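J.: I'd like to ask some things about the structure below.
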Amino acid sequence: MKTCLFLLLFYTGVVPIVRSVSHKYYLINQGKTWSDAQAYCRATYTDLAIIKSNDDMVRLQNEAQIQQFSSSAWIGLYNDVKSWRWSFGNEPLGSMIKWISGEPNNWGGHEECVTTTSSGWSDYTCTWKGPVLCFDDRQTGNGRYIYISSPMTFFEAQSYCRQHYTDLTSVRNTTEHLAIQGLVTGNTWIGLFRDAWKWVDKTNFSTISWMSGKPDNALENENCGYVNNSQAADAQCSDVMPFFCYSDAEIIKKQIIRLKIQSNQDVNNLISQAAILEQIRQKLKDHGMAENITVEWRKQPNGVVFHKEKEGD
């Protein structure tokens, strides 16, 4: 005889156990340089603390309050000063380097883009407005390089060059360097730029705010980040201070769903229960909720999962 099984009611209650990852913080109240602090955190936990949300900040502050700590401490924030790359093709800097003496110096703490003069390169604040050197890979020789005198920010210049030509100019070898020398006099944008502040997991810095006036690179080479009173600031990585580590903590959320099932077979046998669980998993998958979810039956004190509904229930 053919058997039938119907799920009449799906979302009135649950059984999935949802696991999500959160950050647990540890204050290490002993002085270390940023690099030594990171080595300690990586050996003992996961890494120096990363703060990706307001909830993360609350947890970090709670750890500080438990230890009655209210000073400065390293976190996993750093200025990626070696990430220079060319706008065209996102190519890394390579061995061709034409920095003017003393450059790059990240003066003022916000120089992530590059200009050139006939003498060489300087790092500049990307919001500065100046002339632009585009290139067009459809042309040959010096005709590939187009000087635009209209002042633009770096990213305005990048957009303009990509729209009208190919991209901002790359200077990857001596031939390219000599070709552009006669086209520029004062500072002119070329296509070299870098990333700014990052967390140690390589994601961009966000969520928490800088202290007023920071980052400023006031003492030069202030490429490591610390936290004080829930705000970030820059300091020299050789400075010594306490630090926060973090580890990934698994947060488990459990929800119960009640099901009403109409069937002409015994739903308390293991085969039927397995079939119903598979249908539930498929429903969760259809709604994009299958990842990191465990579905299991909640048994009654007598060991039975389902009870027969009485008349009037």
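Identifiers in this document derive from the order of the structure tokens: chains are assigned A, B, ..., residues are numbered from 1 separately in each chain, and ligands are numbered from 1 in order of occurrence.
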Which neighbours of Asp239 in chain A fall inside 9 Å, counting only C-alpha atoms, when residues of the same chain fewer than 5 positions from it are skipped, and could you give them as a list in words?

T.: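 Contacts, in chain order: Gly31, Lys32, Thr33 and Trp34 of chain A.
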
J.: May I have the residues within 12 Å of Tyr145 in chain A as a list in words, using only C-alpha atoms and disregarding those fewer than 5 positions away in the same chain?

T.: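 Counting only C-alpha atoms, the residues come to Val132, Leu133, Cys134, Phe135, Asp136, Asp137, Arg138, Gln139, Thr140, Cys161, Tyr165, Thr166, Asp167, Leu168, Thr169, Ser170, Val171, Glu176, His177, Leu178, Ala179, Ile180, Gln181, Gly182, Leu183, Val184 and Ile190 of chain A.
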
J.: Just the residues within 10 Å of range 112-115 of chain A, please, counting only C-alpha atoms, with nothing from its chain fewer than 2 positions along; format it as a ChimeraX atom specification.

T.: /A:80-81,83-85,99,104,106,109-110,117,120-128,130-133,153-155,186-196

J.: Write out as a PyMOL selection string which residues come within 9 Å of range 54-71 of chain A when counting only C-alpha atoms, dropping same-chain ones fewer than 3 positions away.

T.: chain A and resi 22-27+29+49-51+207-208+227-230+242+244

J.: Write the selection just made, keeping all heavy atoms, as a tab-separated table (two decimals), in the first residue's frame?

T.:
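Saved as again12.tsv:
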```tsv
chain	number	residue	atom	x	y	z
A	22	SER	N	32.08	34.62	16.68
A	22	SER	CA	32.26	35.95	17.23
A	22	SER	C	33.69	36.05	17.76
A	22	SER	O	34.41	35.06	17.79
A	22	SER	CB	31.25	36.20	18.35
A	22	SER	OG	31.35	37.51	18.83
A	23	HIS	N	34.08	37.25	18.17
A	23	HIS	CA	35.44	37.45	18.65
A	23	HIS	C	35.46	37.55	20.18
A	23	HIS	O	34.67	38.27	20.76
A	23	HIS	CB	36.03	38.73	18.06
A	23	HIS	CG	36.16	38.69	16.57
A	23	HIS	ND1	35.92	39.77	15.76
A	23	HIS	CD2	36.52	37.68	15.73
A	23	HIS	CE1	36.11	39.44	14.51
A	23	HIS	NE2	36.47	38.18	14.46
A	24	LYS	N	36.36	36.81	20.78
A	24	LYS	CA	36.60	36.90	22.22
A	24	LYS	C	37.94	37.58	22.42
A	24	LYS	O	38.93	37.24	21.75
A	24	LYS	CB	36.59	35.51	22.86
A	24	LYS	CG	36.80	35.54	24.37
A	24	LYS	CD	36.62	34.17	24.98
A	24	LYS	CE	36.92	34.19	26.48
A	24	LYS	NZ	36.07	35.14	27.23
A	25	TYR	N	37.99	38.53	23.35
A	25	TYR	CA	39.18	39.35	23.52
A	25	TYR	C	39.89	39.06	24.84
A	25	TYR	O	39.25	38.71	25.84
A	25	TYR	CB	38.81	40.84	23.45
A	25	TYR	CG	38.26	41.22	22.09
A	25	TYR	CD1	36.90	41.34	21.88
A	25	TYR	CD2	39.10	41.40	21.00
A	25	TYR	CE1	36.39	41.66	20.63
A	25	TYR	CE2	38.61	41.71	19.75
A	25	TYR	CZ	37.25	41.84	19.57
A	25	TYR	OH	36.76	42.14	18.34
A	26	TYR	N	41.21	39.25	24.80
A	26	TYR	CA	42.06	39.01	25.96
A	26	TYR	C	43.03	40.18	26.09
A	26	TYR	O	43.79	40.47	25.16
A	26	TYR	CB	42.86	37.71	25.81
A	26	TYR	CG	42.00	36.51	25.47
A	26	TYR	CD1	41.69	36.21	24.14
A	26	TYR	CD2	41.49	35.68	26.47
A	26	TYR	CE1	40.89	35.12	23.81
A	26	TYR	CE2	40.70	34.57	26.15
A	26	TYR	CZ	40.40	34.31	24.83
A	26	TYR	OH	39.62	33.24	24.50
A	27	LEU	N	42.99	40.86	27.21
A	27	LEU	CA	43.94	41.94	27.47
A	27	LEU	C	45.20	41.35	28.09
A	27	LEU	O	45.13	40.68	29.13
A	27	LEU	CB	43.33	42.97	28.41
A	27	LEU	CG	44.29	44.06	28.91
A	27	LEU	CD1	44.80	44.91	27.74
A	27	LEU	CD2	43.63	44.93	29.97
A	29	ASN	N	48.31	42.49	29.86
A	29	ASN	CA	48.76	43.73	30.50
A	29	ASN	C	50.27	43.67	30.78
A	29	ASN	O	50.73	43.80	31.92
A	29	ASN	CB	47.99	43.97	31.79
A	29	ASN	CG	48.02	45.43	32.20
A	29	ASN	OD1	48.73	46.24	31.60
A	29	ASN	ND2	47.26	45.77	33.22
A	49	ALA	N	44.05	41.85	18.25
A	49	ALA	CA	42.61	42.06	18.16
A	49	ALA	C	42.20	42.80	16.90
A	49	ALA	O	42.79	43.82	16.53
A	49	ALA	CB	42.13	42.84	19.38
A	50	ILE	N	41.19	42.27	16.23
A	50	ILE	CA	40.52	42.98	15.14
A	50	ILE	C	39.11	43.33	15.64
A	50	ILE	O	38.49	42.55	16.36
A	50	ILE	CB	40.47	42.16	13.84
A	50	ILE	CG1	39.77	40.82	14.04
A	50	ILE	CG2	41.88	41.92	13.32
A	50	ILE	CD1	39.64	40.01	12.78
A	51	ILE	N	38.63	44.50	15.24
A	51	ILE	CA	37.35	45.01	15.74
A	51	ILE	C	36.50	45.33	14.54
A	51	ILE	O	36.69	46.36	13.87
A	51	ILE	CB	37.57	46.25	16.62
A	51	ILE	CG1	38.57	45.94	17.75
A	51	ILE	CG2	36.25	46.74	17.20
A	51	ILE	CD1	39.07	47.17	18.48
A	207	THR	N	34.74	50.70	11.03
A	207	THR	CA	33.93	50.56	12.24
A	207	THR	C	34.31	51.53	13.35
A	207	THR	O	33.50	52.36	13.74
A	207	THR	CB	33.95	49.11	12.80
A	207	THR	OG1	33.57	48.21	11.79
A	207	THR	CG2	33.01	48.98	13.98
A	208	ILE	N	35.53	51.46	13.86
A	208	ILE	CA	35.87	52.35	14.97
A	208	ILE	C	36.48	53.64	14.42
A	208	ILE	O	37.01	53.68	13.31
A	208	ILE	CB	36.81	51.68	15.99
A	208	ILE	CG1	38.19	51.38	15.39
A	208	ILE	CG2	36.19	50.40	16.52
A	208	ILE	CD1	39.16	50.81	16.41
A	227	VAL	N	44.51	51.27	20.57
A	227	VAL	CA	43.19	51.75	20.96
A	227	VAL	C	43.27	52.37	22.34
A	227	VAL	O	44.03	51.91	23.21
A	227	VAL	CB	42.16	50.60	20.93
A	227	VAL	CG1	42.45	49.55	22.00
A	227	VAL	CG2	40.74	51.13	21.07
A	228	ASN	N	42.52	53.45	22.51
A	228	ASN	CA	42.41	54.10	23.82
A	228	ASN	C	41.02	54.71	23.88
A	228	ASN	O	40.64	55.50	23.02
A	228	ASN	CB	43.49	55.18	24.00
A	228	ASN	CG	43.51	55.74	25.41
A	228	ASN	OD1	42.50	56.18	25.93
A	228	ASN	ND2	44.69	55.74	26.02
A	229	ASN	N	40.26	54.31	24.91
A	229	ASN	CA	38.90	54.83	25.09
A	229	ASN	C	38.06	54.63	23.83
A	229	ASN	O	37.37	55.54	23.38
A	229	ASN	CB	38.95	56.30	25.48
A	229	ASN	CG	37.62	56.82	25.99
A	229	ASN	OD1	36.82	56.05	26.53
A	229	ASN	ND2	37.36	58.10	25.79
A	230	SER	N	38.15	53.46	23.25
A	230	SER	CA	37.37	53.00	22.09
A	230	SER	C	37.71	53.71	20.79
A	230	SER	O	37.01	53.54	19.79
A	230	SER	CB	35.86	53.13	22.35
A	230	SER	OG	35.40	54.46	22.21
A	242	PRO	N	50.82	47.55	26.51
A	242	PRO	CA	49.98	46.35	26.59
A	242	PRO	C	49.23	46.13	25.27
A	242	PRO	O	49.28	46.98	24.38
A	242	PRO	CB	49.01	46.66	27.73
A	242	PRO	CG	49.68	47.74	28.52
A	242	PRO	CD	50.45	48.54	27.53
A	244	PHE	N	45.78	43.84	23.11
A	244	PHE	CA	44.62	42.96	23.09
A	244	PHE	C	44.83	41.87	22.04
A	244	PHE	O	45.17	42.17	20.89
A	244	PHE	CB	43.35	43.72	22.73
A	244	PHE	CG	42.81	44.59	23.83
A	244	PHE	CD1	43.08	45.95	23.86
A	244	PHE	CD2	42.01	44.04	24.83
A	244	PHE	CE1	42.56	46.75	24.86
A	244	PHE	CE2	41.50	44.83	25.85
A	244	PHE	CZ	41.77	46.20	25.86
```

J.: DSSP on the backbone: what in range 28-106 of chain A comes out strand (DSSP E), as a list in words?

T.: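 Taking range 28-106 of chain A and keeping strand (DSSP E) gives Ile28, Asn29, Gln30, Gly31, Lys32, Asp47, Leu48, Ala73, Trp74, Ile75, Gly76, Leu77, Tyr78, Asn79, Arg85 and Trp86 of chain A.
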
J.: Would you mind exporting the chosen residues as an mmCIF file, in the first residue's frame, restricted to C-alpha atoms?

T.:
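Wrote selection.cif, looks like this:
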```cif
data_model
loop_
_atom_site.group_PDB
_atom_site.id
_atom_site.type_symbol
_atom_site.label_atom_id
_atom_site.label_comp_id
_atom_site.auth_asym_id
_atom_site.auth_seq_id
_atom_site.Cartn_x
_atom_site.Cartn_y
_atom_site.Cartn_z
ATOM 1 C CA ILE A 28 47.625 41.137 28.004
ATOM 2 C CA ASN A 29 48.764 43.729 30.498
ATOM 3 C CA GLN A 30 52.483 43.553 29.781
ATOM 4 C CA GLY A 31 54.470 45.844 27.522
ATOM 5 C CA LYS A 32 55.615 44.642 24.115
ATOM 6 C CA ASP A 47 46.097 37.225 16.478
ATOM 7 C CA LEU A 48 46.164 40.807 17.686
ATOM 8 C CA ALA A 73 46.925 49.045 24.055
ATOM 9 C CA TRP A 74 47.998 47.628 20.702
ATOM 10 C CA ILE A 75 45.367 46.138 18.431
ATOM 11 C CA GLY A 76 45.750 44.332 15.085
ATOM 12 C CA LEU A 77 45.769 47.514 13.014
ATOM 13 C CA TYR A 78 48.635 48.524 10.742
ATOM 14 C CA ASN A 79 49.412 50.896 7.883
ATOM 15 C CA ARG A 85 50.866 49.030 -6.988
ATOM 16 C CA TRP A 86 50.043 50.459 -10.405
#
```

J.: Can you work out the spacing between CA of Phe243 in chain A and CA of Tyr226 in chain A in Å, to one decimal?

T.: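 That distance, rounded to one decimal, is 8.1 Å.
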
J.: With a distance cut-off of 7 Å and only C-alpha atoms, select the neighbouring residues of Trp210 in chain A, excluding the residue or stretch itself and same-chain residues fewer than 5 positions from it, and output the selection as number ranges by chain.

T.: A: 231-233

J.: One decimal, Å: what's the distance from CA of Gly143 in chain A over to CA of Glu103 in chain A, could you say?

T.: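 Distance between the two atoms: 29.1 Å.
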
J.: Quick one: pick out all alpha helix (DSSP H) residues within range 26-124 of chain A from a backbone DSSP run and write them as an mmCIF file with N, CA and C atoms, in the first residue's frame.

T.:
```cif
data_model
loop_
_atom_site.group_PDB
_atom_site.id
_atom_site.type_symbol
_atom_site.label_atom_id
_atom_site.label_comp_id
_atom_site.auth_asym_id
_atom_site.auth_seq_id
_atom_site.Cartn_x
_atom_site.Cartn_y
_atom_site.Cartn_z
ATOM 1 N N TRP A 34 54.757 46.209 18.885
ATOM 2 C CA TRP A 34 53.617 45.688 18.118
ATOM 3 C C TRP A 34 53.927 44.308 17.549
ATOM 4 N N SER A 35 55.111 44.122 16.977
ATOM 5 C CA SER A 35 55.474 42.838 16.374
ATOM 6 C C SER A 35 55.568 41.735 17.411
ATOM 7 N N ASP A 36 56.153 42.036 18.572
ATOM 8 C CA ASP A 36 56.255 41.035 19.626
ATOM 9 C C ASP A 36 54.872 40.694 20.184
ATOM 10 N N ALA A 37 54.015 41.711 20.271
ATOM 11 C CA ALA A 37 52.640 41.468 20.730
ATOM 12 C C ALA A 37 51.915 40.556 19.751
ATOM 13 N N GLN A 38 52.104 40.798 18.453
ATOM 14 C CA GLN A 38 51.451 39.949 17.460
ATOM 15 C C GLN A 38 51.957 38.506 17.553
ATOM 16 N N ALA A 39 53.263 38.338 17.716
ATOM 17 C CA ALA A 39 53.829 36.987 17.840
ATOM 18 C C ALA A 39 53.230 36.263 19.044
ATOM 19 N N TYR A 40 53.067 36.980 20.150
ATOM 20 C CA TYR A 40 52.476 36.391 21.356
ATOM 21 C C TYR A 40 51.029 35.961 21.081
ATOM 22 N N CYS A 41 50.259 36.867 20.481
ATOM 23 C CA CYS A 41 48.842 36.570 20.215
ATOM 24 C C CYS A 41 48.689 35.389 19.264
ATOM 25 N N ARG A 42 49.531 35.329 18.247
ATOM 26 C CA ARG A 42 49.436 34.232 17.277
ATOM 27 C C ARG A 42 49.821 32.901 17.903
ATOM 28 N N ALA A 43 50.736 32.929 18.837
ATOM 29 C CA ALA A 43 51.157 31.695 19.498
ATOM 30 C C ALA A 43 50.139 31.228 20.536
ATOM 31 N N THR A 44 49.429 32.177 21.148
ATOM 32 C CA THR A 44 48.566 31.844 22.279
ATOM 33 C C THR A 44 47.083 31.826 21.912
ATOM 34 N N ASN A 54 30.318 47.066 16.242
ATOM 35 C CA ASN A 54 30.089 47.698 17.540
ATOM 36 C C ASN A 54 30.034 46.661 18.647
ATOM 37 N N ASP A 55 29.498 45.473 18.330
ATOM 38 C CA ASP A 55 29.471 44.398 19.332
ATOM 39 C C ASP A 55 30.878 43.973 19.715
ATOM 40 N N ASP A 56 31.783 43.918 18.727
ATOM 41 C CA ASP A 56 33.187 43.620 19.017
ATOM 42 C C ASP A 56 33.766 44.642 19.988
ATOM 43 N N MET A 57 33.488 45.917 19.729
ATOM 44 C CA MET A 57 34.029 46.972 20.594
ATOM 45 C C MET A 57 33.491 46.840 22.014
ATOM 46 N N VAL A 58 32.221 46.507 22.144
ATOM 47 C CA VAL A 58 31.636 46.328 23.479
ATOM 48 C C VAL A 58 32.333 45.183 24.208
ATOM 49 N N ARG A 59 32.581 44.074 23.503
ATOM 50 C CA ARG A 59 33.260 42.945 24.137
ATOM 51 C C ARG A 59 34.685 43.300 24.541
ATOM 52 N N LEU A 60 35.389 44.060 23.680
ATOM 53 C CA LEU A 60 36.750 44.478 24.021
ATOM 54 C C LEU A 60 36.742 45.408 25.237
ATOM 55 N N GLN A 61 35.788 46.341 25.281
ATOM 56 C CA GLN A 61 35.695 47.248 26.425
ATOM 57 C C GLN A 61 35.352 46.495 27.704
ATOM 58 N N ASN A 62 34.501 45.476 27.594
ATOM 59 C CA ASN A 62 34.170 44.674 28.776
ATOM 60 C C ASN A 62 35.401 43.989 29.343
ATOM 61 N N GLU A 63 36.260 43.471 28.439
ATOM 62 C CA GLU A 63 37.506 42.847 28.888
ATOM 63 C C GLU A 63 38.390 43.864 29.604
ATOM 64 N N ALA A 64 38.463 45.087 29.069
ATOM 65 C CA ALA A 64 39.263 46.145 29.714
ATOM 66 C C ALA A 64 38.686 46.494 31.091
ATOM 67 N N GLN A 65 37.360 46.577 31.194
ATOM 68 C CA GLN A 65 36.735 46.928 32.475
ATOM 69 C C GLN A 65 36.945 45.855 33.523
ATOM 70 N N ILE A 66 36.888 44.590 33.096
ATOM 71 C CA ILE A 66 37.115 43.495 34.037
ATOM 72 C C ILE A 66 38.495 43.620 34.676
#
```

J.: Using only C-alpha atoms for the distances, tell me which of A:Lys52, A:Glu91, A:Cys224, A:Ile276 is nearest to Met241 in chain A.

T.: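 The closest residue to Met241 in chain A is A:Cys224.
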
J.: One decimal, Å: what's the distance from CA of Tyr45 in chain A over to CA of Lys214 in chain A, could you say?

T.: 28.8 Å
